[in-house]
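Visitor: Have a look at the structure that comes next, please.
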Amino acid sequence: MKTMEIEVKEPVKLMDLIAQTFPDSSRTKQKEILQHRVLIASRRITQFDFPLAPGMKVTIMGDENRGKLMQGKMDIMYEDHDLMVVNKPVGLLSSSNNPKDMTVISEINDYFIRRRSRQRAHVVHRLDRDTSGLLLVAKSKEVSRQLEMNWKEKVFDRAYVAVTWGAPVPAFGTVRSWLTENEYGVVSSPTDNGGKLAITHYKTLKKKGRFALVQMQLETGRRNQIRVHMRELGHPLLKDPIYGYRDDNSPIKRLALHAFKLCFYHPVTGKEIRLETPFPPEFTQLFD
């Protein structure tokens, strides 16, 4: 079975469309297609009576994607029996409580199903929806628990690259503050206000015009830490709607943040694993 895209011609329910498209398949096979192979507007849909309107497009994934994530849009950077590391694309949630949302976890679980594996994905840490880069996922609750309980001992290097408005002065240094959350986002304080201590080391790699390419290394991993700390320096990330400039006339059409390095000790074998991805081309092209 090859991947196909079907354009809906008349109002119909999803399961009925599947039955019409595969009239010679058994009911069991049609249900398997519904549960594991249907995408509508890049979202996985499993609702049998999902209403389809004329003009909508339904993608049914074929066997050529059995070993791929998101039809090749999310690369597997490392995989063994206990865990995997993926290169998360922009626009994808790490996880969600809504089963209808397409997330890293739901896509990996679908990948397991296509391989006839009984394993399940468990989130260990998260990246914001609009942040791309390396994400570590456990294949069991036990491995996930080991990583969560010993995160600081197991993960010894995490680095990001970002494009900022202007270049930080000095060109390298450390931002240290306490972060608290409210209804509007994350608030930073230079003194201990009962929040969580956040430490970010930064280094400017390149400068050109209004922009700078900046590398950040995390000593702590707080929510929105990099985005808040770069705003504290007066050089927020491009296309950051919460912690950036409101008049964001940016040449980059995404949040300019990418998790490019992840180094850790394997929670089961103790093996040292070092992974890196190239900087996003839309970042580096600004400085060519």
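Labels used: A, B, ... for chains in the order of the structure tokens, numbers from 1 for residues in each chain, and numbers from 1 for ligands as shown.
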Excluding Lys208 of chain A and residues on its chain fewer than 5 positions from it, collect all residues at most 12 Å away from it, counting only C-alpha atoms, and give them as a PDB file with C-alpha atoms, in the first residue's frame.

Guide:
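Done, and the output landed in around.pdb:
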ATOM      1  CA  VAL A 163      19.165  34.529  16.239  1.00  0.00           C
ATOM      2  CA  THR A 164      18.721  37.674  18.320  1.00  0.00           C
ATOM      3  CA  TRP A 165      17.929  41.310  17.700  1.00  0.00           C
ATOM      4  CA  GLY A 166      21.358  42.892  18.081  1.00  0.00           C
ATOM      5  CA  ALA A 167      24.427  41.373  19.712  1.00  0.00           C
ATOM      6  CA  LEU A 213      23.875  34.318  15.995  1.00  0.00           C
ATOM      7  CA  VAL A 214      24.180  33.293  19.642  1.00  0.00           C
ATOM      8  CA  PHE A 283      19.636  30.948  10.703  1.00  0.00           C
ATOM      9  CA  THR A 284      23.025  30.666   9.007  1.00  0.00           C
ATOM     10  CA  GLN A 285      21.915  32.231   5.720  1.00  0.00           C
ATOM     11  CA  LEU A 286      21.477  35.581   7.496  1.00  0.00           C
ATOM     12  CA  PHE A 287      25.214  35.641   8.180  1.00  0.00           C
ATOM     13  CA  ASP A 288      26.643  34.362   4.868  1.00  0.00           C
TER      14      ASP A 288
END

Visitor: Would you kindly return, as a PyMOL selection string, each protein, DNA or RNA residue with an atom no farther than 9 Å from any atom of Leu14 of chain A, considering only C-alpha atoms and excluding same-chain residues fewer than 3 positions away?

Guide: chain A and resi 17-19+34+45-52+58

Visitor: Store the residues picked out above in a file with N, CA and C atoms, as a PDB file, in the first residue's frame.

Guide:
ATOM      1  N   LEU A  17     -15.642   7.076   4.029  1.00  0.00           N
ATOM      2  CA  LEU A  17     -14.693   7.368   2.959  1.00  0.00           C
ATOM      3  C   LEU A  17     -13.655   6.256   2.853  1.00  0.00           C
ATOM      4  N   ILE A  18     -13.190   5.770   3.983  1.00  0.00           N
ATOM      5  CA  ILE A  18     -12.208   4.678   3.979  1.00  0.00           C
ATOM      6  C   ILE A  18     -12.820   3.428   3.346  1.00  0.00           C
ATOM      7  N   ALA A  19     -14.062   3.132   3.716  1.00  0.00           N
ATOM      8  CA  ALA A  19     -14.737   1.961   3.146  1.00  0.00           C
ATOM      9  C   ALA A  19     -14.923   2.107   1.642  1.00  0.00           C
ATOM     10  N   LEU A  34      -7.944   3.463   9.779  1.00  0.00           N
ATOM     11  CA  LEU A  34      -8.490   4.586  10.539  1.00  0.00           C
ATOM     12  C   LEU A  34      -7.635   4.885  11.768  1.00  0.00           C
ATOM     13  N   ILE A  45      -6.163  11.732  12.719  1.00  0.00           N
ATOM     14  CA  ILE A  45      -7.580  11.654  13.074  1.00  0.00           C
ATOM     15  C   ILE A  45      -7.988  10.184  13.163  1.00  0.00           C
ATOM     16  N   THR A  46      -8.621   9.808  14.287  1.00  0.00           N
ATOM     17  CA  THR A  46      -9.066   8.424  14.467  1.00  0.00           C
ATOM     18  C   THR A  46     -10.571   8.336  14.724  1.00  0.00           C
ATOM     19  N   GLN A  47     -11.266   9.459  14.677  1.00  0.00           N
ATOM     20  CA  GLN A  47     -12.709   9.489  14.941  1.00  0.00           C
ATOM     21  C   GLN A  47     -13.465   8.930  13.736  1.00  0.00           C
ATOM     22  N   PHE A  48     -14.180   7.833  13.926  1.00  0.00           N
ATOM     23  CA  PHE A  48     -14.797   7.148  12.780  1.00  0.00           C
ATOM     24  C   PHE A  48     -15.855   7.996  12.099  1.00  0.00           C
ATOM     25  N   ASP A  49     -16.568   8.861  12.862  1.00  0.00           N
ATOM     26  CA  ASP A  49     -17.622   9.680  12.266  1.00  0.00           C
ATOM     27  C   ASP A  49     -17.167  11.126  12.046  1.00  0.00           C
ATOM     28  N   PHE A  50     -15.848  11.326  11.940  1.00  0.00           N
ATOM     29  CA  PHE A  50     -15.322  12.666  11.684  1.00  0.00           C
ATOM     30  C   PHE A  50     -15.931  13.188  10.383  1.00  0.00           C
ATOM     31  N   PRO A  51     -16.568  14.388  10.418  1.00  0.00           N
ATOM     32  CA  PRO A  51     -17.253  14.890   9.210  1.00  0.00           C
ATOM     33  C   PRO A  51     -16.278  15.491   8.207  1.00  0.00           C
ATOM     34  N   LEU A  52     -16.374  15.078   6.981  1.00  0.00           N
ATOM     35  CA  LEU A  52     -15.536  15.597   5.906  1.00  0.00           C
ATOM     36  C   LEU A  52     -16.385  16.444   4.963  1.00  0.00           C
ATOM     37  N   VAL A  58      -7.545  14.224   2.534  1.00  0.00           N
ATOM     38  CA  VAL A  58      -7.256  13.174   3.507  1.00  0.00           C
ATOM     39  C   VAL A  58      -6.034  12.401   3.021  1.00  0.00           C
TER      40      VAL A  58
END

Visitor: Between A:Asp82, A:Asp130, A:Asp192, A:Glu183, single out the one closest to Gln146 of chain A, counting only C-alpha atoms.

Guide: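 Closest to Gln146 of chain A, using only C-alpha atoms: A:Asp82.
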
Visitor: Could you name the residues that touch Val228 of chain A at 9 Å or less, counting only C-alpha atoms, but leaving out those on the same chain fewer than 6 positions away, as an mmCIF file with C-alpha atoms, in the first residue's frame?

Guide:
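Output file around25.cif is given in full below:
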data_model
loop_
_atom_site.group_PDB
_atom_site.id
_atom_site.type_symbol
_atom_site.label_atom_id
_atom_site.label_comp_id
_atom_site.auth_asym_id
_atom_site.auth_seq_id
_atom_site.Cartn_x
_atom_site.Cartn_y
_atom_site.Cartn_z
ATOM 1 C CA LEU A 179 11.973 32.617 37.297
ATOM 2 C CA VAL A 186 7.521 33.699 32.865
ATOM 3 C CA VAL A 187 8.830 36.582 34.988
ATOM 4 C CA SER A 188 12.511 37.017 35.867
ATOM 5 C CA PRO A 236 15.272 38.987 22.414
ATOM 6 C CA TYR A 243 9.340 37.685 24.989
ATOM 7 C CA GLY A 244 10.344 39.586 21.849
#

Visitor: Hey, can you check how far atom CA of Ile105 of chain A sits from atom CA of Ile199 of chain A?

Guide: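 Going from atom CA of Ile105 of chain A over to atom CA of Ile199 of chain A, I get 28.2 Å.
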
Visitor: Mind checking which residues fall within 9 Å of Lys88 of chain A, counting only C-alpha atoms, ignoring those fewer than 6 positions away in the same chain, and posting them as an mmCIF file with N, CA and C atoms, in the first residue's frame?

Guide:
data_model
loop_
_atom_site.group_PDB
_atom_site.id
_atom_site.type_symbol
_atom_site.label_atom_id
_atom_site.label_comp_id
_atom_site.auth_asym_id
_atom_site.auth_seq_id
_atom_site.Cartn_x
_atom_site.Cartn_y
_atom_site.Cartn_z
ATOM 1 N N LYS A 73 9.639 13.794 8.059
ATOM 2 C CA LYS A 73 9.813 15.182 8.485
ATOM 3 C C LYS A 73 10.445 15.301 9.864
ATOM 4 N N MET A 74 10.495 14.207 10.624
ATOM 5 C CA MET A 74 11.144 14.213 11.931
ATOM 6 C C MET A 74 12.184 13.096 11.941
ATOM 7 N N ASP A 75 13.454 13.464 11.968
ATOM 8 C CA ASP A 75 14.528 12.486 11.870
ATOM 9 C C ASP A 75 14.794 11.812 13.208
ATOM 10 N N SER A 94 5.617 18.754 21.903
ATOM 11 C CA SER A 94 6.332 17.599 22.446
ATOM 12 C C SER A 94 5.333 16.560 22.937
ATOM 13 N N VAL A 104 5.056 14.827 19.279
ATOM 14 C CA VAL A 104 6.197 13.920 19.158
ATOM 15 C C VAL A 104 5.827 12.556 19.719
ATOM 16 N N LEU A 127 10.389 20.538 24.420
ATOM 17 C CA LEU A 127 10.746 21.733 23.677
ATOM 18 C C LEU A 127 9.445 22.450 23.333
ATOM 19 N N THR A 131 10.016 25.664 18.903
ATOM 20 C CA THR A 131 11.451 25.416 19.001
ATOM 21 C C THR A 131 11.756 24.076 18.338
ATOM 22 N N SER A 132 12.770 24.044 17.502
ATOM 23 C CA SER A 132 13.168 22.788 16.855
ATOM 24 C C SER A 132 14.364 22.208 17.584
ATOM 25 N N GLY A 133 14.673 20.935 17.259
ATOM 26 C CA GLY A 133 15.909 20.376 17.769
ATOM 27 C C GLY A 133 15.782 19.050 18.486
ATOM 28 N N LEU A 134 16.838 18.689 19.198
ATOM 29 C CA LEU A 134 17.007 17.356 19.764
ATOM 30 C C LEU A 134 16.139 17.145 21.006
ATOM 31 N N LEU A 135 15.388 16.055 20.968
ATOM 32 C CA LEU A 135 14.452 15.726 22.045
ATOM 33 C C LEU A 135 14.647 14.268 22.429
#

Visitor: Please, which residues of segment 3-214 of chain A, numbered as in this document, come out strand (DSSP E) from DSSP, as a PyMOL selection string?

Guide: chain A and resi 4-7+12-13+38-40+43-44+51-52+57-60+75-79+83-88+122-123+132-138+155-165+172-182+185-189+196-208+211-214

Visitor: Write to file, as a PDB file, in the first residue's frame, the residues of the selection just made, with C-alpha atoms.

Guide:
ATOM      1  CA  MET A   4      -2.296   8.439  -1.125  1.00  0.00           C
ATOM      2  CA  GLU A   5      -4.086  11.766  -0.867  1.00  0.00           C
ATOM      3  CA  ILE A   6      -7.836  11.829  -1.363  1.00  0.00           C
ATOM      4  CA  GLU A   7      -9.756  15.014  -2.123  1.00  0.00           C
ATOM      5  CA  VAL A  12     -19.087  12.092   4.095  1.00  0.00           C
ATOM      6  CA  LYS A  13     -17.946  10.579   7.373  1.00  0.00           C
ATOM      7  CA  VAL A  38      -5.058   8.864   8.484  1.00  0.00           C
ATOM      8  CA  LEU A  39      -3.874  12.478   8.464  1.00  0.00           C
ATOM      9  CA  ILE A  40      -6.089  15.500   7.868  1.00  0.00           C
ATOM     10  CA  ARG A  43      -3.232  15.960  12.208  1.00  0.00           C
ATOM     11  CA  ARG A  44      -3.823  12.320  13.005  1.00  0.00           C
ATOM     12  CA  PRO A  51     -17.253  14.890   9.210  1.00  0.00           C
ATOM     13  CA  LEU A  52     -15.536  15.597   5.906  1.00  0.00           C
ATOM     14  CA  LYS A  57      -7.819  16.451   1.689  1.00  0.00           C
ATOM     15  CA  VAL A  58      -7.256  13.174   3.507  1.00  0.00           C
ATOM     16  CA  THR A  59      -3.812  11.552   3.526  1.00  0.00           C
ATOM     17  CA  ILE A  60      -3.588   7.805   4.073  1.00  0.00           C
ATOM     18  CA  ASP A  75      14.528  12.486  11.870  1.00  0.00           C
ATOM     19  CA  ILE A  76      15.539   9.778  14.329  1.00  0.00           C
ATOM     20  CA  MET A  77      19.022  10.769  15.487  1.00  0.00           C
ATOM     21  CA  TYR A  78      19.550   7.843  17.865  1.00  0.00           C
ATOM     22  CA  GLU A  79      17.572   4.747  18.833  1.00  0.00           C
ATOM     23  CA  LEU A  83      15.268   5.284  24.280  1.00  0.00           C
ATOM     24  CA  MET A  84      15.429   7.418  21.176  1.00  0.00           C
ATOM     25  CA  VAL A  85      16.414  10.966  20.258  1.00  0.00           C
ATOM     26  CA  VAL A  86      14.557  12.802  17.504  1.00  0.00           C
ATOM     27  CA  ASN A  87      15.129  16.093  15.727  1.00  0.00           C
ATOM     28  CA  LYS A  88      11.795  17.807  16.400  1.00  0.00           C
ATOM     29  CA  HIS A 122       7.327   8.618  27.424  1.00  0.00           C
ATOM     30  CA  VAL A 123       8.285  12.285  27.500  1.00  0.00           C
ATOM     31  CA  SER A 132      13.168  22.788  16.855  1.00  0.00           C
ATOM     32  CA  GLY A 133      15.909  20.376  17.769  1.00  0.00           C
ATOM     33  CA  LEU A 134      17.007  17.356  19.764  1.00  0.00           C
ATOM     34  CA  LEU A 135      14.452  15.726  22.045  1.00  0.00           C
ATOM     35  CA  LEU A 136      15.076  12.688  24.243  1.00  0.00           C
ATOM     36  CA  VAL A 137      12.230  10.170  24.601  1.00  0.00           C
ATOM     37  CA  ALA A 138      12.134   7.052  26.792  1.00  0.00           C
ATOM     38  CA  VAL A 155      22.524  14.997  30.906  1.00  0.00           C
ATOM     39  CA  PHE A 156      25.874  16.792  30.959  1.00  0.00           C
ATOM     40  CA  ASP A 157      25.602  19.161  27.988  1.00  0.00           C
ATOM     41  CA  ARG A 158      22.612  20.836  26.308  1.00  0.00           C
ATOM     42  CA  ALA A 159      23.185  23.668  23.870  1.00  0.00           C
ATOM     43  CA  TYR A 160      20.959  25.855  21.717  1.00  0.00           C
ATOM     44  CA  VAL A 161      21.527  28.338  18.920  1.00  0.00           C
ATOM     45  CA  ALA A 162      19.379  31.414  18.367  1.00  0.00           C
ATOM     46  CA  VAL A 163      19.165  34.529  16.239  1.00  0.00           C
ATOM     47  CA  THR A 164      18.721  37.674  18.320  1.00  0.00           C
ATOM     48  CA  TRP A 165      17.929  41.310  17.700  1.00  0.00           C
ATOM     49  CA  PHE A 172      29.892  36.103  26.075  1.00  0.00           C
ATOM     50  CA  GLY A 173      28.772  35.688  29.656  1.00  0.00           C
ATOM     51  CA  THR A 174      26.222  34.190  32.036  1.00  0.00           C
ATOM     52  CA  VAL A 175      22.673  35.210  32.908  1.00  0.00           C
ATOM     53  CA  ARG A 176      21.489  34.166  36.362  1.00  0.00           C
ATOM     54  CA  SER A 177      18.000  34.895  37.681  1.00  0.00           C
ATOM     55  CA  TRP A 178      14.993  33.430  39.459  1.00  0.00           C
ATOM     56  CA  LEU A 179      11.973  32.617  37.297  1.00  0.00           C
ATOM     57  CA  THR A 180       8.331  32.514  38.316  1.00  0.00           C
ATOM     58  CA  GLU A 181       5.229  31.954  36.212  1.00  0.00           C
ATOM     59  CA  ASN A 182       2.035  33.955  36.016  1.00  0.00           C
ATOM     60  CA  GLY A 185       4.228  33.991  30.991  1.00  0.00           C
ATOM     61  CA  VAL A 186       7.521  33.699  32.865  1.00  0.00           C
ATOM     62  CA  VAL A 187       8.830  36.582  34.988  1.00  0.00           C
ATOM     63  CA  SER A 188      12.511  37.017  35.867  1.00  0.00           C
ATOM     64  CA  SER A 189      13.994  38.443  39.080  1.00  0.00           C
ATOM     65  CA  LYS A 196      13.383  28.686  40.414  1.00  0.00           C
ATOM     66  CA  LEU A 197      17.029  29.544  39.796  1.00  0.00           C
ATOM     67  CA  ALA A 198      17.886  29.661  36.079  1.00  0.00           C
ATOM     68  CA  ILE A 199      21.417  29.870  34.678  1.00  0.00           C
ATOM     69  CA  THR A 200      22.231  30.373  30.988  1.00  0.00           C
ATOM     70  CA  HIS A 201      25.729  30.692  29.511  1.00  0.00           C
ATOM     71  CA  TYR A 202      25.850  32.481  26.153  1.00  0.00           C
ATOM     72  CA  LYS A 203      28.411  33.186  23.433  1.00  0.00           C
ATOM     73  CA  THR A 204      27.997  35.349  20.333  1.00  0.00           C
ATOM     74  CA  LEU A 205      29.134  33.442  17.252  1.00  0.00           C
ATOM     75  CA  LYS A 206      28.446  35.939  14.453  1.00  0.00           C
ATOM     76  CA  LYS A 207      27.089  39.457  13.963  1.00  0.00           C
ATOM     77  CA  LYS A 208      25.625  41.124  10.900  1.00  0.00           C
ATOM     78  CA  PHE A 211      21.186  40.398  13.991  1.00  0.00           C
ATOM     79  CA  ALA A 212      23.440  38.089  15.980  1.00  0.00           C
ATOM     80  CA  LEU A 213      23.875  34.318  15.995  1.00  0.00           C
ATOM     81  CA  VAL A 214      24.180  33.293  19.642  1.00  0.00           C
TER      82      VAL A 214
END

Visitor: For Asp16 of chain A, which residue among A:Lys31, A:Arg222, A:Met149, A:Thr269 is the nearest when counting only C-alpha atoms?

Guide: A:Lys31

Visitor: Just list as a ChimeraX atom specification whatever in segment 48-152 of chain A DSSP marks as alpha helix (DSSP H).

Guide: /A:104-114,141-149,151-152
